[in-house]
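Undergrad: For reference, the structure I am asking about is given below.
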Amino acid sequence: MSLTKRIFAVAATGAVALSLAACAGTTAPANDGAAASADCNVGISMPTRSLERWINDGEQLQKLLKDAGCTADLQYADNKTDLQISQIQNQVAGGAKILVVAAVDGEVLAPVLAEAAGQDAKVIAYDRLINGTENVDYYATFDNYKVGTLQGQYIEEQLGLADGAGPFNLEPFAGSPDDNNAKFFFSGAWDVLLPYVESGQLVVPSGKSPSSNDDWASIGIQGWVSSAAQAEMDNRLSSFYSGSEVVDVVLSPNDSLAIGIIASLKSAGYTPGESYPLISGQDADKANVLAILDGEQSMTVWKDTRTLGKQVFDMIQQITAGEDATVNDTETYDNGKKVVPSFLLDPEVVVKDDVQSKLVDSGFIKASDVGL
Ligand code: BGC
């Protein structure tokens, strides 16, 4: 058994001892966690606290690690690349052996990750791929292309596009151009929807309709900022919709953009009901679950971030034990330097009728948070 394996075995034995001691009402020795910490020193780098999901992601992974006796430093980069780089540098300087990074900008981390590699730290790209460097060992995420496919298929089904229905007015949006995920989300949706744009069943009055997946960034919203999506939608509505023309459907790649788009539609006089557009989303943020219950948003693609945290925790345990981490995809995520071994989790659609059974019953959100 390797040293690291023994450390985890000791930590596990310690956990059993702790719970046995708890049953017996005695105090357990406190040194086993410290033994695990020495080897299991993890730096977690998250992009921002401004979105609910990243707060949940960071805190739950940190808790899993701390409960296992690891050291786990959690930093949020306020969506600033320079800040994220200096936070990672500090974690490396602080002796991190494993870095878990959800990149603000997946293109700029190569130099700092070279520093990390210099002290044999392993790197797990969390949710977002890191490009242009050999020094990414693993990638754990939800199937990003499938997120987009689910959004596109939902729109296709609701509008009856496969049965020839239309024309419908569509306004498509895409995510932040510096986020590697955004092109996957868009491509998944656009592979379903573009044929209907080409057949004329979907019409894009604003003209903001990428002619191929590669042009997705032309409609990207920098930083996934709600207010920027709102301003863009305001502009499209005032410039391209007049008289009785209405928007029938908005492809929103995630919930933060959907919030801005909904606000824009509301101020232009749209109210849920007959001629209110379909609006997609992703993340199942509480505000958006409320919007779904109120009929302001049609669906969200739910990624149970608890399973992602657990997956990454399992990877860390395997790495710390000197093993290869388990992956289920070795083809999809080429970062320009290597195909990064990945673990892809399954996203799923949530509509109004699923809120209780999928989100509340699973404990992902509290009924009281969404007025149920
Ligand atoms: C994540 C989404 C999130 C978006 C904005 C993406 O990389 O995969 O879940 O909505 O970033 O933070």
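As shown in the structure tokens, the chain order sets the letters A, B, ...; within each chain, residues go from 1, and ligands are also counted from 1 in the order they appear.
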Could you list, as a list in words, all protein and nucleic acid residues with an atom at most 7 Å from ligand 1, counting only C-alpha atoms and all ligand atoms?
TA: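 These are the residues that qualify: Leu51, Asp127, Arg128, Asp179, Asn181, Ala182, Trp224, Asn254, Asp255, Ser256, Gln282 and Asp283 of chain A.
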Undergrad: Within stretch 154-277 of chain A, find each residue whose DSSP state, derived from the backbone, is strand (DSSP E or B), and express the selection as a PyMOL selection string.
TA: chain A and resi 168-172+174+202-203+220+249-251
Undergrad: So that I can check the surroundings of stretch 152-165 of chain A, please list as a ChimeraX atom specification every protein, DNA and RNA residue that reaches within 8 Å of it, counting only C-alpha atoms and ignoring chain neighbours fewer than 4 positions away.
TA: /A:148,188-193,196,201,249,251,278
Undergrad: Kindly provide the residues of stretch 240-354 of chain A that approach stretch 55-65 of chain A to within 12 Å, each paired with its closest atom pair and their distance in Å to one decimal, based on only C-alpha atoms, listed by chain and increasing number, as a Markdown table.
TA:
```
| residue | atom | partner | partner_atom | distance |
| --- | --- | --- | --- | --- |
| A:Asp283 | CA | A:Asn56 | CA | 11.3 |
| A:Asp285 | CA | A:Asn56 | CA | 10.5 |
| A:Lys286 | CA | A:Asn56 | CA | 11.9 |
| A:Lys303 | CA | A:Asp57 | CA | 11.0 |
| A:Asp304 | CA | A:Asp57 | CA | 9.7 |
| A:Thr305 | CA | A:Asp57 | CA | 6.1 |
| A:Arg306 | CA | A:Gln60 | CA | 7.1 |
| A:Thr307 | CA | A:Asp57 | CA | 9.8 |
| A:Leu308 | CA | A:Asp57 | CA | 8.0 |
| A:Gly309 | CA | A:Leu61 | CA | 5.2 |
| A:Lys310 | CA | A:Leu61 | CA | 7.2 |
| A:Gln311 | CA | A:Leu61 | CA | 9.6 |
| A:Val312 | CA | A:Leu61 | CA | 7.8 |
| A:Phe313 | CA | A:Leu61 | CA | 6.8 |
| A:Asp314 | CA | A:Leu64 | CA | 9.8 |
| A:Met315 | CA | A:Leu65 | CA | 11.4 |
| A:Ile316 | CA | A:Leu65 | CA | 8.9 |
| A:Gln317 | CA | A:Leu65 | CA | 9.2 |
| A:Thr320 | CA | A:Leu65 | CA | 11.8 |
```
Undergrad: Neighbours of A:Val136 within 12 Å (only C-alpha atoms; same-chain residues fewer than 2 positions away dropped), as a PDB file with C-alpha atoms, in the first residue's frame?
TA:
```
ATOM      1  CA  ILE A  98      -4.477  19.410  -6.019  1.00  0.00           C
ATOM      2  CA  LEU A  99      -6.150  22.386  -7.694  1.00  0.00           C
ATOM      3  CA  VAL A 100      -9.818  22.415  -8.621  1.00  0.00           C
ATOM      4  CA  VAL A 101     -10.422  25.302 -10.980  1.00  0.00           C
ATOM      5  CA  ALA A 102     -13.594  26.637 -12.573  1.00  0.00           C
ATOM      6  CA  ALA A 103     -11.921  29.132 -14.890  1.00  0.00           C
ATOM      7  CA  GLY A 106     -10.222  29.216 -19.897  1.00  0.00           C
ATOM      8  CA  LEU A 109      -4.301  29.965 -16.950  1.00  0.00           C
ATOM      9  CA  ALA A 110      -1.429  28.111 -18.678  1.00  0.00           C
ATOM     10  CA  PRO A 111       1.411  30.042 -16.945  1.00  0.00           C
ATOM     11  CA  VAL A 112       0.016  29.669 -13.429  1.00  0.00           C
ATOM     12  CA  LEU A 113      -0.717  25.996 -14.030  1.00  0.00           C
ATOM     13  CA  ALA A 114       2.893  25.535 -15.162  1.00  0.00           C
ATOM     14  CA  ALA A 116       1.529  24.315 -10.146  1.00  0.00           C
ATOM     15  CA  ALA A 117       2.989  21.490 -12.240  1.00  0.00           C
ATOM     16  CA  ASP A 120       3.690  18.315  -8.845  1.00  0.00           C
ATOM     17  CA  ALA A 121       0.204  19.582  -8.142  1.00  0.00           C
ATOM     18  CA  LYS A 122      -2.586  17.867 -10.063  1.00  0.00           C
ATOM     19  CA  VAL A 123      -5.213  20.004 -11.731  1.00  0.00           C
ATOM     20  CA  ILE A 124      -8.899  19.231 -12.152  1.00  0.00           C
ATOM     21  CA  ALA A 125     -10.820  21.584 -14.433  1.00  0.00           C
ATOM     22  CA  TYR A 126     -14.182  22.017 -12.757  1.00  0.00           C
ATOM     23  CA  ARG A 128     -15.280  24.607 -17.474  1.00  0.00           C
ATOM     24  CA  LEU A 129     -12.355  23.307 -19.495  1.00  0.00           C
ATOM     25  CA  ILE A 130      -8.954  25.044 -19.273  1.00  0.00           C
ATOM     26  CA  ASN A 131      -7.334  25.439 -22.685  1.00  0.00           C
ATOM     27  CA  GLY A 132      -3.852  25.696 -24.121  1.00  0.00           C
ATOM     28  CA  THR A 133      -1.940  23.766 -21.475  1.00  0.00           C
ATOM     29  CA  GLU A 134      -0.687  20.236 -20.860  1.00  0.00           C
ATOM     30  CA  TYR A 138      -8.793  15.852 -15.478  1.00  0.00           C
ATOM     31  CA  TYR A 139     -12.016  17.581 -16.358  1.00  0.00           C
ATOM     32  CA  ALA A 140     -15.303  17.021 -14.511  1.00  0.00           C
ATOM     33  CA  TYR A 333     -12.561  17.801 -24.692  1.00  0.00           C
ATOM     34  CA  ASP A 334      -9.453  18.728 -26.649  1.00  0.00           C
ATOM     35  CA  ASN A 335      -7.916  21.808 -25.030  1.00  0.00           C
ATOM     36  CA  GLY A 336      -5.528  22.513 -27.884  1.00  0.00           C
ATOM     37  CA  LYS A 337      -2.649  20.685 -26.200  1.00  0.00           C
ATOM     38  CA  LYS A 338      -4.255  17.399 -25.221  1.00  0.00           C
ATOM     39  CA  VAL A 339      -7.558  15.625 -24.976  1.00  0.00           C
ATOM     40  CA  VAL A 340      -8.361  16.017 -21.310  1.00  0.00           C
ATOM     41  CA  PRO A 341      -9.719  12.851 -19.654  1.00  0.00           C
ATOM     42  CA  SER A 342     -13.200  13.822 -18.530  1.00  0.00           C
TER      43      SER A 342
END
```
Undergrad: Which residues come within 8 Å of A:Ser176, counting only C-alpha atoms, excluding same-chain residues fewer than 5 positions away, as a short mmCIF file (atom, residue, chain, number, x, y, z; two decimals) with all heavy atoms, in the first residue's frame?
TA:
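Wrote selection.cif, looks like this:
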```cif
data_model
loop_
_atom_site.label_atom_id
_atom_site.label_comp_id
_atom_site.auth_asym_id
_atom_site.auth_seq_id
_atom_site.Cartn_x
_atom_site.Cartn_y
_atom_site.Cartn_z
N ALA A 182 -19.60 27.72 -23.29
CA ALA A 182 -20.66 28.45 -24.00
C ALA A 182 -20.83 27.95 -25.44
O ALA A 182 -21.96 27.84 -25.94
CB ALA A 182 -20.37 29.94 -23.96
N ALA A 217 -20.08 33.23 -30.90
CA ALA A 217 -19.64 34.32 -30.01
C ALA A 217 -20.21 35.67 -30.45
O ALA A 217 -20.25 36.62 -29.65
CB ALA A 217 -18.11 34.38 -29.95
N GLY A 220 -22.75 36.28 -28.09
CA GLY A 220 -22.39 35.94 -26.71
C GLY A 220 -22.56 37.13 -25.78
O GLY A 220 -22.37 38.27 -26.18
N ILE A 221 -22.92 36.85 -24.55
CA ILE A 221 -23.06 37.90 -23.54
C ILE A 221 -21.88 37.77 -22.57
O ILE A 221 -21.79 36.81 -21.79
CB ILE A 221 -24.41 37.78 -22.77
CG1 ILE A 221 -25.59 37.90 -23.73
CG2 ILE A 221 -24.48 38.82 -21.65
CD1 ILE A 221 -25.84 39.27 -24.32
N GLN A 222 -20.97 38.76 -22.64
CA GLN A 222 -19.75 38.72 -21.85
C GLN A 222 -20.04 38.58 -20.35
O GLN A 222 -20.86 39.34 -19.81
CB GLN A 222 -18.94 40.01 -22.12
CG GLN A 222 -17.60 40.08 -21.42
CD GLN A 222 -16.63 39.00 -21.91
OE1 GLN A 222 -16.57 38.69 -23.10
NE2 GLN A 222 -15.90 38.41 -20.98
N GLY A 223 -19.39 37.63 -19.72
CA GLY A 223 -19.49 37.46 -18.27
C GLY A 223 -20.83 36.91 -17.80
O GLY A 223 -21.10 36.89 -16.61
N TRP A 224 -21.67 36.49 -18.71
CA TRP A 224 -22.98 35.93 -18.36
C TRP A 224 -23.80 36.91 -17.50
O TRP A 224 -24.52 36.51 -16.58
CB TRP A 224 -22.83 34.63 -17.56
CG TRP A 224 -22.16 33.48 -18.24
CD1 TRP A 224 -20.85 33.14 -18.17
CD2 TRP A 224 -22.78 32.47 -19.06
NE1 TRP A 224 -20.62 31.99 -18.89
CE2 TRP A 224 -21.78 31.56 -19.44
CE3 TRP A 224 -24.10 32.25 -19.50
CZ2 TRP A 224 -22.03 30.46 -20.24
CZ3 TRP A 224 -24.35 31.15 -20.29
CH2 TRP A 224 -23.33 30.26 -20.66
#
```
Undergrad: Calculated over only C-alpha atoms, which of the candidates A:Asp369, A:Asp214, A:Leu170, A:Tyr241 has the smallest distance to A:Ala287?
TA: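 Of A:Asp369, A:Asp214, A:Leu170, A:Tyr241, the one nearest A:Ala287 is A:Asp369, counting only C-alpha atoms.
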Undergrad: Assign secondary structure with DSSP using the backbone only, and return the residues of stretch 232-371 of chain A in helix (DSSP H, G or I) as number ranges by chain.
TA: A: 232-240, 255-267, 286-293, 305-320, 352-360, 367-370
Undergrad: Given the choices A:Asn169, A:Ala231, A:Phe185, A:Val349, which gets closest to A:Ser275 if the distance is worked out from only C-alpha atoms?
TA: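 For A:Ser275, the nearest of the candidates is A:Asn169.
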Undergrad: Find the nearest atom pair between each residue of stretch 320-362 of chain A and stretch 293-302 of chain A for residues within 10 Å, count only C-alpha atoms, give distances in Å to one decimal, sort rows by chain and ascending number, and present the table as a tab-separated table.
TA:
```
residue	atom	partner	partner_atom	distance
A:Asp346	CA	A:Trp302	CA	9.2
A:Pro347	CA	A:Trp302	CA	5.7
A:Glu348	CA	A:Trp302	CA	5.3
A:Val349	CA	A:Val301	CA	4.6
A:Val350	CA	A:Thr300	CA	5.4
A:Val351	CA	A:Met299	CA	4.7
A:Lys352	CA	A:Leu293	CA	5.6
A:Asp353	CA	A:Leu293	CA	8.6
A:Asp354	CA	A:Met299	CA	9.8
A:Val355	CA	A:Leu293	CA	8.1
A:Lys358	CA	A:Trp302	CA	9.2
A:Leu359	CA	A:Trp302	CA	8.6
```
Undergrad: Go ahead and write the residues just picked, all heavy atoms, as a tab-separated table (two decimals), in the first residue's frame.
TA:
```tsv
chain	number	residue	atom	x	y	z
A	346	ASP	N	-24.87	13.78	-16.37
A	346	ASP	CA	-26.07	13.96	-17.19
A	346	ASP	C	-26.94	15.11	-16.70
A	346	ASP	O	-27.42	15.08	-15.56
A	346	ASP	CB	-26.89	12.65	-17.09
A	346	ASP	CG	-27.18	12.11	-18.45
A	346	ASP	OD1	-26.59	12.62	-19.43
A	346	ASP	OD2	-28.02	11.20	-18.53
A	347	PRO	N	-27.18	16.10	-17.55
A	347	PRO	CA	-28.12	17.16	-17.16
A	347	PRO	C	-29.56	16.74	-17.45
A	347	PRO	O	-29.77	15.82	-18.24
A	347	PRO	CB	-27.73	18.31	-18.10
A	347	PRO	CG	-27.19	17.63	-19.32
A	347	PRO	CD	-26.62	16.32	-18.89
A	348	GLU	N	-30.55	17.38	-16.84
A	348	GLU	CA	-31.94	17.03	-17.17
A	348	GLU	C	-32.85	18.25	-17.17
A	348	GLU	O	-32.60	19.24	-16.48
A	348	GLU	CB	-32.48	15.94	-16.26
A	348	GLU	CG	-32.48	16.26	-14.79
A	348	GLU	CD	-33.04	15.08	-13.97
A	348	GLU	OE1	-34.21	14.72	-14.15
A	348	GLU	OE2	-32.28	14.54	-13.15
A	349	VAL	N	-33.91	18.12	-17.95
A	349	VAL	CA	-34.86	19.23	-18.08
A	349	VAL	C	-35.77	19.30	-16.86
A	349	VAL	O	-36.24	18.28	-16.36
A	349	VAL	CB	-35.73	19.02	-19.35
A	349	VAL	CG1	-36.90	20.01	-19.39
A	349	VAL	CG2	-34.88	19.16	-20.60
A	350	VAL	N	-36.01	20.53	-16.39
A	350	VAL	CA	-37.02	20.75	-15.35
A	350	VAL	C	-38.03	21.78	-15.86
A	350	VAL	O	-37.65	22.86	-16.31
A	350	VAL	CB	-36.36	21.25	-14.04
A	350	VAL	CG1	-37.40	21.84	-13.09
A	350	VAL	CG2	-35.62	20.12	-13.35
A	351	VAL	N	-39.31	21.40	-15.84
A	351	VAL	CA	-40.40	22.33	-16.15
A	351	VAL	C	-41.25	22.45	-14.88
A	351	VAL	O	-40.98	21.80	-13.87
A	351	VAL	CB	-41.25	21.84	-17.35
A	351	VAL	CG1	-40.41	21.79	-18.62
A	351	VAL	CG2	-41.88	20.48	-17.08
A	352	LYS	N	-42.29	23.29	-14.99
A	352	LYS	CA	-43.10	23.58	-13.80
A	352	LYS	C	-43.52	22.32	-13.03
A	352	LYS	O	-43.37	22.25	-11.81
A	352	LYS	CB	-44.35	24.33	-14.28
A	352	LYS	CG	-45.14	25.00	-13.21
A	352	LYS	CD	-46.23	25.84	-13.87
A	352	LYS	CE	-46.95	26.67	-12.85
A	352	LYS	NZ	-47.81	27.70	-13.47
A	353	ASP	N	-44.01	21.32	-13.76
A	353	ASP	CA	-44.52	20.13	-13.08
A	353	ASP	C	-43.43	19.30	-12.39
A	353	ASP	O	-43.75	18.39	-11.62
A	353	ASP	CB	-45.24	19.22	-14.10
A	353	ASP	CG	-46.60	19.78	-14.46
A	353	ASP	OD1	-47.06	20.70	-13.76
A	353	ASP	OD2	-47.18	19.29	-15.45
A	354	ASP	N	-42.16	19.58	-12.71
A	354	ASP	CA	-41.08	18.78	-12.12
A	354	ASP	C	-40.48	19.43	-10.88
A	354	ASP	O	-39.62	18.83	-10.23
A	354	ASP	CB	-39.89	18.64	-13.09
A	354	ASP	CG	-40.28	18.05	-14.42
A	354	ASP	OD1	-41.11	17.13	-14.43
A	354	ASP	OD2	-39.75	18.52	-15.45
A	355	VAL	N	-40.88	20.66	-10.58
A	355	VAL	CA	-40.17	21.39	-9.53
A	355	VAL	C	-40.23	20.63	-8.21
A	355	VAL	O	-39.21	20.41	-7.55
A	355	VAL	CB	-40.73	22.83	-9.38
A	355	VAL	CG1	-40.18	23.51	-8.13
A	355	VAL	CG2	-40.38	23.65	-10.63
A	358	LYS	N	-38.51	16.82	-8.75
A	358	LYS	CA	-37.07	16.75	-9.02
A	358	LYS	C	-36.25	17.64	-8.10
A	358	LYS	O	-35.24	17.21	-7.55
A	358	LYS	CB	-36.78	17.14	-10.47
A	358	LYS	CG	-37.29	16.13	-11.49
A	358	LYS	CD	-36.76	16.39	-12.89
A	358	LYS	CE	-37.29	15.34	-13.88
A	358	LYS	NZ	-36.93	15.65	-15.27
A	359	LEU	N	-36.68	18.88	-7.92
A	359	LEU	CA	-35.81	19.82	-7.19
A	359	LEU	C	-36.05	19.81	-5.69
A	359	LEU	O	-35.10	19.84	-4.91
A	359	LEU	CB	-36.01	21.24	-7.73
A	359	LEU	CG	-35.73	21.44	-9.22
A	359	LEU	CD1	-35.95	22.89	-9.62
A	359	LEU	CD2	-34.31	21.00	-9.57
```
Undergrad: So that I can check the surroundings of A:Ile262, please list as a list in words every protein, DNA and RNA residue that reaches within 10 Å of it, counting only C-alpha atoms and ignoring chain neighbours fewer than 2 positions away.
TA: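 After dropping sequence-adjacent residues, the list is Ser226, Ala229, Gln230, Met233, Val250, Leu257, Ala258, Ile259, Gly260, Ser264, Leu265, Lys266, Ser267, Ala268, Tyr270, Thr271, Pro277, Ile279, Asn288, Ala291, Glu296 and Gln297 of chain A.
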Undergrad: Dump N, CA and C atoms for the selected residues as an mmCIF file, in the first residue's frame?
TA:
```cif
data_model
loop_
_atom_site.group_PDB
_atom_site.id
_atom_site.type_symbol
_atom_site.label_atom_id
_atom_site.label_comp_id
_atom_site.auth_asym_id
_atom_site.auth_seq_id
_atom_site.Cartn_x
_atom_site.Cartn_y
_atom_site.Cartn_z
ATOM 1 N N SER A 226 -26.628 39.329 -16.272
ATOM 2 C CA SER A 226 -28.075 39.490 -16.507
ATOM 3 C C SER A 226 -28.395 40.838 -17.134
ATOM 4 N N ALA A 229 -27.693 41.022 -20.781
ATOM 5 C CA ALA A 229 -28.712 40.307 -21.583
ATOM 6 C C ALA A 229 -29.976 41.153 -21.683
ATOM 7 N N GLN A 230 -30.296 41.823 -20.572
ATOM 8 C CA GLN A 230 -31.487 42.684 -20.562
ATOM 9 C C GLN A 230 -31.315 43.818 -21.582
ATOM 10 N N MET A 233 -31.645 42.507 -25.078
ATOM 11 C CA MET A 233 -33.042 42.187 -25.430
ATOM 12 C C MET A 233 -33.833 43.477 -25.630
ATOM 13 N N VAL A 250 -37.354 32.486 -26.966
ATOM 14 C CA VAL A 250 -35.996 32.986 -26.726
ATOM 15 C C VAL A 250 -35.132 31.803 -26.312
ATOM 16 N N LEU A 257 -28.892 34.757 -17.782
ATOM 17 C CA LEU A 257 -29.337 35.520 -18.954
ATOM 18 C C LEU A 257 -30.859 35.552 -19.010
ATOM 19 N N ALA A 258 -31.493 34.456 -18.654
ATOM 20 C CA ALA A 258 -32.969 34.417 -18.683
ATOM 21 C C ALA A 258 -33.560 35.494 -17.779
ATOM 22 N N ILE A 259 -32.919 35.731 -16.631
ATOM 23 C CA ILE A 259 -33.422 36.770 -15.711
ATOM 24 C C ILE A 259 -33.456 38.132 -16.407
ATOM 25 N N GLY A 260 -32.378 38.471 -17.118
ATOM 26 C CA GLY A 260 -32.327 39.748 -17.826
ATOM 27 C C GLY A 260 -33.334 39.797 -18.964
ATOM 28 N N SER A 264 -36.551 42.374 -19.453
ATOM 29 C CA SER A 264 -36.731 43.178 -20.667
ATOM 30 C C SER A 264 -38.133 42.964 -21.257
ATOM 31 N N LEU A 265 -38.527 41.705 -21.339
ATOM 32 C CA LEU A 265 -39.858 41.402 -21.899
ATOM 33 C C LEU A 265 -40.951 42.055 -21.051
ATOM 34 N N LYS A 266 -40.769 41.979 -19.722
ATOM 35 C CA LYS A 266 -41.775 42.570 -18.823
ATOM 36 C C LYS A 266 -41.883 44.067 -19.087
ATOM 37 N N SER A 267 -40.720 44.735 -19.190
ATOM 38 C CA SER A 267 -40.815 46.189 -19.360
ATOM 39 C C SER A 267 -41.347 46.552 -20.740
ATOM 40 N N ALA A 268 -41.283 45.612 -21.690
ATOM 41 C CA ALA A 268 -41.883 45.882 -23.005
ATOM 42 C C ALA A 268 -43.369 45.493 -23.023
ATOM 43 N N TYR A 270 -44.791 42.422 -22.063
ATOM 44 C CA TYR A 270 -45.147 40.990 -22.147
ATOM 45 C C TYR A 270 -45.563 40.496 -20.757
ATOM 46 N N THR A 271 -46.671 39.768 -20.684
ATOM 47 C CA THR A 271 -47.055 39.147 -19.411
ATOM 48 C C THR A 271 -47.367 37.679 -19.665
ATOM 49 N N PRO A 277 -43.570 34.443 -24.742
ATOM 50 C CA PRO A 277 -42.644 33.514 -25.409
ATOM 51 C C PRO A 277 -42.168 32.351 -24.533
ATOM 52 N N ILE A 279 -39.128 30.508 -23.001
ATOM 53 C CA ILE A 279 -37.771 30.956 -22.622
ATOM 54 C C ILE A 279 -37.058 29.781 -21.945
ATOM 55 N N ASN A 288 -35.020 31.586 -10.787
ATOM 56 C CA ASN A 288 -35.568 31.066 -12.039
ATOM 57 C C ASN A 288 -36.602 29.984 -11.798
ATOM 58 N N ALA A 291 -39.529 31.869 -11.300
ATOM 59 C CA ALA A 291 -40.019 32.359 -12.601
ATOM 60 C C ALA A 291 -40.740 31.233 -13.358
ATOM 61 N N GLU A 296 -43.098 32.686 -16.072
ATOM 62 C CA GLU A 296 -42.245 33.660 -16.776
ATOM 63 C C GLU A 296 -41.088 33.001 -17.516
ATOM 64 N N GLN A 297 -40.731 31.809 -17.112
ATOM 65 C CA GLN A 297 -39.680 31.040 -17.792
ATOM 66 C C GLN A 297 -40.233 29.645 -18.034
#
```
Undergrad: Find the distance between atom CA of A:Lys80 and atom CA of A:Tyr145 and write it in Å to one decimal.
TA: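 Atom CA of A:Tyr145 lies at a distance of 25.6 Å from atom CA of A:Lys80.
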Undergrad: Have a look at A:Ser238, A:Val197, A:Gly273, A:Arg49 and name the one nearest to A:Ser209; count only C-alpha atoms.
TA: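 Using only C-alpha atoms, the shortest distance to A:Ser209 belongs to A:Val197.
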